[in-house]
Each structure stands twice: as structure tokens, then as C-alpha cells.
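Asker: Just dropping this structure here.
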Amino acid sequence: MKKLTIITSIILVFLMAFTGCAKKEDFAIKVNDKLIPKKIYEDKLTAYKEYLEKQGLDFNSEQGKATLENIKNEVLEGLIGAELIDQEIAKNNWDLKDPEVLQQVEDLKSQLPDKDFQKWLDEQAMTEDEITEYFAFTHNTTKDVTVTEQEIKHYFDSNYARYGGQDEQVKARHILLATEEEALEVIQELNAGKDFTELAKKKSIETAAQTTGGDLGYFTRGQMLPAFEEAAFSQEVGKISEKPIKTEWGFHVIQVEDHKEAVKPDFEKAKENVKEDTLAYAKNQKIQSYYLKLRQEAKIEYSEELKPKTS
């Protein structure tokens with residue numbers, strides 16, 4: 001399902017709309033002199049809202065109101081993306097019936113959990129033609145993409161946990177205090193034999209500490225604030241911070257409970273999978289850069305009431 005998630009997320013960025021003809025007075029947006037009807041924008045917005053409501057979002061709540069503004073912008077960007085793709089296909093005369101394009105459509109159908117393609121299309125407010133155009137666009141913009149041995153190895157080194165390896169991990173607890181003085185007092189109490197968990201529940205200003213006792217579980221590099229991470233990964237197992245660690249949240253006292261070193265899998269055994277993933281990553285980068293250029297060069301005009309708000 002990882003592949004399906006990647007495909008659908010990319011598709012949704014570009015294909016929130018299906019273009020048509022519009023009169024000047026009732027257009028939603030104009031893309032390189034092509035008018036997109038307001039009704040299509042409204043239909044797409046309604047479909048998107050209904051989909052999110054089925055997922056439990058209440059548009060009358062504060063979160064729902066904020067989300068509505070975001071999805072309005074997403075629908076507008078989708079209208080632009082769909083039209084730019086359509087125009088690029090027409091300009092280059094790309095074949096929508098190319099066997100490789102049609103196969104990608106079939107692959108997508110086979111990956112859907114309930115195999116109900118039409119239901120999925122309805123939920124995403126899309127059509128099969130849009131999906132076919134998307135795959136024609138991605139196929140033709142990436143068919144010349146290749147990857148080198150060096151790129152494959154670099155991708156492996158950056159993502160080896162995906163191939164049976166394990167990132168370096170630390171298991172730690174912390175007590176968060178508002179001032180350095182308070183943190184120093186806690187360190188003294190801990191050194192005198194006080195229980196770390198109980199002190200965290202009693203003195204930490206982190207709300208969750210009252211139930212977790214400051215337990216952060218295992219975490220890898222890149223998950224915590226830099227200063228906190230540096231201290232936790234360099235601290236000996238079983239030891240308590242010699243001095244408070246300052247971050248934007250306050251002053252931390254850390255106790256490291258375990259430290260697992262990184263474990264790299266056998267590159268040669270994973271190489272074929274790594275090559276496939278590296279190529280997919282490279283193609284995705286090419287799709288994004290190709291589309292970004294189209295978007296930057298496009299002439300876009302919004303109807304008065306749909307102009308994006310600027311801060």
C-alpha cells in the first residue's frame with residue numbers, strides 16, 4: 001500500500017479538476033487563456049468537502065473552518081494543475097493510449113483495497129480520463145530518467161532502515177522545567193537518590209509527564225530538537241544530565257535508559273529493491289521540477305471572488 005499512497009498523493013496535487021468551457025463572466029480561473037467554469041470549481045469543492053465529512057471533519061468547528069480555506073486553495077491549484085497537464089499533453093502530442101500508460105492505470109485499479117475504481121474516483125472527485133492524462137504526463141516526463149550506482153548507494157545509506165536495518169536509537173526520559181535554577185535543583189535531588197519518574201510527574205511542566213513520568217520511548221536522530229538530541233545521543237546509558245539542556249521549550253533534565261547502535265543491512269541483498277526505489281524517487285523529483293516550471297511560466301487569472309488571500 002506504500003506505492004498506492006505515493007501515487008494517490010501525487011495525483012491529488014495535480015488532478016483536483018476537470019476542465020471545460022466557460023463564459024468570461026462565470027469563470028473560476030483562467031490558465032494560459034483557457035477559461036475554467038466556476039461550476040466545475042464549485043462541484044469539486046463540494047465533492048472534496050463531502051469526502052472529508054465522511055472522514056469525520058466538522059466544517060462548523062474551528063478546525064473545519066480553517067481546513068475549508070485550505071481546501072479552497074487546493075481545489076484552485078488542482079484546476080491549474082489539471083489544465084496545465086492537459087495543455088502539455090496536447091502540445092507534445094503524447095499518446096493517451098500508450099500501453100505503458102494504460103498499464104499504470106490498471107496497476108492503480110488493482111491496488112485499491114476494495115478494487116472499486118469508480119467508487120474511488122467519485123471519492124476523489126476525479127475521472128478516469130484525468131487519471132490517464134496524469135499517467136501520460138508522468139510517463140513522458142520521466143521515461144529518460146536513469147540512476148547511477150553512486151545514487152543507488154547514497155539512497156541506501158540514507159534509507160537503510162527500509163531494507164531491514166535499524167537507525168541509531170535512544171530511549172530516554174526527561175523532566176522539563178521553566179528555569180535553569182529549577183532544573184539544577186532537580187538534578188541535585190536525582191543525585192541524592194530521588195526517583196526520576198516520580199519527580200517528572202511532580203515537577204515537569206510537560207502536561208503528559210503526569211501520566212508518562214517523562215518517558216519519551218525510543219527515538220531516532222532528527223525527531224527531537226537539536227540541542228536535546230545531541231545531549232541524549234551523547235549521554236551514557238543510566239546517567240542523568242550533568243547540567244540542564246536548554247531548548248525553546250525550557251530546561252530539560254535527561255535520563256538515558258538505552259542506546260541502540262545503527263544496524264545496516266547487506267546492500268547487495270537489498271540492491272534490486274533499492275535500485276527500484278531510487279529510480280522511483282528520481283522520477284518523482286523530475287515530475288515535480290517539470291511541473292513547477294510549467295506552473296511558474298503559466299499565465300494565471302482568478303475570478304475576483306476566488307483570488308487567493310495574501311498576508
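By order of appearance in the C-alpha cells: chains A, B, ..., then residues from 1 within every chain, and ligands from 1 in the order shown.
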Residues of segment 9-239 of chain A in strand (DSSP E or B) according to DSSP, as a PyMOL selection string?

Answerer: chain A and resi 27-31+34-37+166+169-177+215-220

Asker: Find the residues near Tyr155 of chain A: any atom within 10 Å, counting only C-alpha atoms, skip ones fewer than 5 places away on the same chain, and give them as an mmCIF file with C-alpha atoms, in the first residue's frame.

Answerer:
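selection-v2.cif was written with the following content:
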data_model
loop_
_atom_site.group_PDB
_atom_site.id
_atom_site.type_symbol
_atom_site.label_atom_id
_atom_site.label_comp_id
_atom_site.auth_asym_id
_atom_site.auth_seq_id
_atom_site.Cartn_x
_atom_site.Cartn_y
_atom_site.Cartn_z
ATOM 1 C CA GLU A 149 25.419 3.203 -8.880
ATOM 2 C CA GLN A 150 26.528 6.105 -6.708
ATOM 3 C CA TYR A 160 18.676 1.642 5.075
ATOM 4 C CA VAL A 274 16.984 -0.087 -3.551
ATOM 5 C CA LYS A 275 17.502 0.491 -7.269
ATOM 6 C CA ASP A 277 13.095 2.855 -5.029
ATOM 7 C CA THR A 278 15.926 5.163 -6.119
ATOM 8 C CA LEU A 279 14.540 5.283 -9.638
ATOM 9 C CA TYR A 281 12.422 8.807 -6.190
#

Asker: Going by DSSP on the backbone, which residues of segment 96-216 of chain A come out as helix (DSSP H, G or I)? List them as a ChimeraX atom specification.

Answerer: /A:99-111,117-124,128-142,149-163,180-191,196-203,209-212

Asker: Counting only C-alpha atoms, what is within 12 Å of Gly222 of chain A, bar same-chain residues fewer than 6 positions away, as a VMD selection string?

Answerer: chain A and resid 167 to 170 228 to 230 233

Asker: Output C-alpha atoms for every residue in that selection, as a tab-separated table (two decimals), in the first residue's frame.

Answerer:
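After the write, part38.tsv holds the following:
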chain	number	residue	atom	x	y	z
A	167	ASP	CA	18.58	3.51	12.72
A	168	GLU	CA	20.54	4.52	15.80
A	169	GLN	CA	18.05	4.90	18.65
A	170	VAL	CA	17.93	6.21	22.18
A	228	PHE	CA	18.08	17.85	23.16
A	229	GLU	CA	19.06	15.25	20.56
A	230	GLU	CA	22.78	16.00	20.84
A	233	PHE	CA	22.70	10.63	21.95

Asker: If we count only C-alpha atoms and set the cut-off at 7 Å, which residues sit around segment 163-165 of chain A, ignoring sequence neighbours fewer than 4 positions away in its own chain? Please answer as a list in words.

Answerer: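 Residues meeting the cut-off are Val263, Lys264, Pro265 and Ala270 of chain A.
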
Asker: Mind writing the picked residues with C-alpha atoms as a compact mmCIF listing (two decimals), in the first residue's frame?

Answerer:
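result_37.txt was written with the following content:
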# COMPACT_ATOMS: atom_id res chain seq x y z
CA VAL A 263 22.46 -1.71 12.10
CA LYS A 264 23.00 -1.67 8.35
CA PRO A 265 21.58 -4.48 6.21
CA ALA A 270 18.76 -5.31 -0.97

Asker: Using only C-alpha atoms, determine which residues lie at most 9 Å from segment 29-32 of chain A, disregarding the query and same-chain residues fewer than 6 positions distant; provide the list as a VMD selection string.

Answerer: chain A and resid 38 41 76 79 to 80 83 to 84 298 to 303 306 to 307

Asker: Selection from above, C-alpha atoms, as a PDB file, in the first residue's frame, can you write it?

Answerer:
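Contents of the output file again-v2.pdb:
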ATOM      1  CA  LYS A  38     -16.974  28.310 -11.900  1.00  0.00           C
ATOM      2  CA  TYR A  41     -14.753  24.642  -9.116  1.00  0.00           C
ATOM      3  CA  LEU A  76      -7.870  26.075  -7.291  1.00  0.00           C
ATOM      4  CA  LEU A  79      -7.744  23.238 -11.517  1.00  0.00           C
ATOM      5  CA  ILE A  80      -4.494  24.822 -12.612  1.00  0.00           C
ATOM      6  CA  GLU A  83      -5.294  22.258 -17.187  1.00  0.00           C
ATOM      7  CA  LEU A  84      -1.511  22.600 -17.421  1.00  0.00           C
ATOM      8  CA  ALA A 298       1.829  29.864 -16.664  1.00  0.00           C
ATOM      9  CA  LYS A 299      -0.393  32.929 -17.029  1.00  0.00           C
ATOM     10  CA  ILE A 300      -2.987  32.622 -14.258  1.00  0.00           C
ATOM     11  CA  GLU A 301      -6.015  34.846 -13.723  1.00  0.00           C
ATOM     12  CA  TYR A 302      -8.509  34.288 -10.895  1.00  0.00           C
ATOM     13  CA  SER A 303     -12.098  35.476 -10.788  1.00  0.00           C
ATOM     14  CA  LEU A 306     -11.604  33.495  -5.789  1.00  0.00           C
ATOM     15  CA  LYS A 307      -8.371  35.444  -5.706  1.00  0.00           C
TER      16      LYS A 307
END

Asker: Write out as a list in words each polymer residue whose atoms come within 6 Å of segment 240-255 of chain A, counting only C-alpha atoms; drop sequence neighbours fewer than 4 positions from it.

Answerer: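 In the requested form, the answer reads Ala172, Arg173, His174, Ile175, Leu176, Leu177, Ala178, Glu180 and Ala183 of chain A.
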
Asker: Please list as a ChimeraX atom specification every residue within 10 Å of segment 87-93 of chain A, counting only C-alpha atoms and excluding residues in the same chain fewer than 6 positions away.

Answerer: /A:31-32,34,81,133-134,136-137,140,291,294

Asker: Considering only C-alpha atoms, state which residue in the set A:Lys203, A:Lys49, A:Lys194, A:Lys153 is at the smallest distance from Glu69 of chain A.

Answerer: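 The answer is A:Lys49, which sits nearest to Glu69 of chain A.
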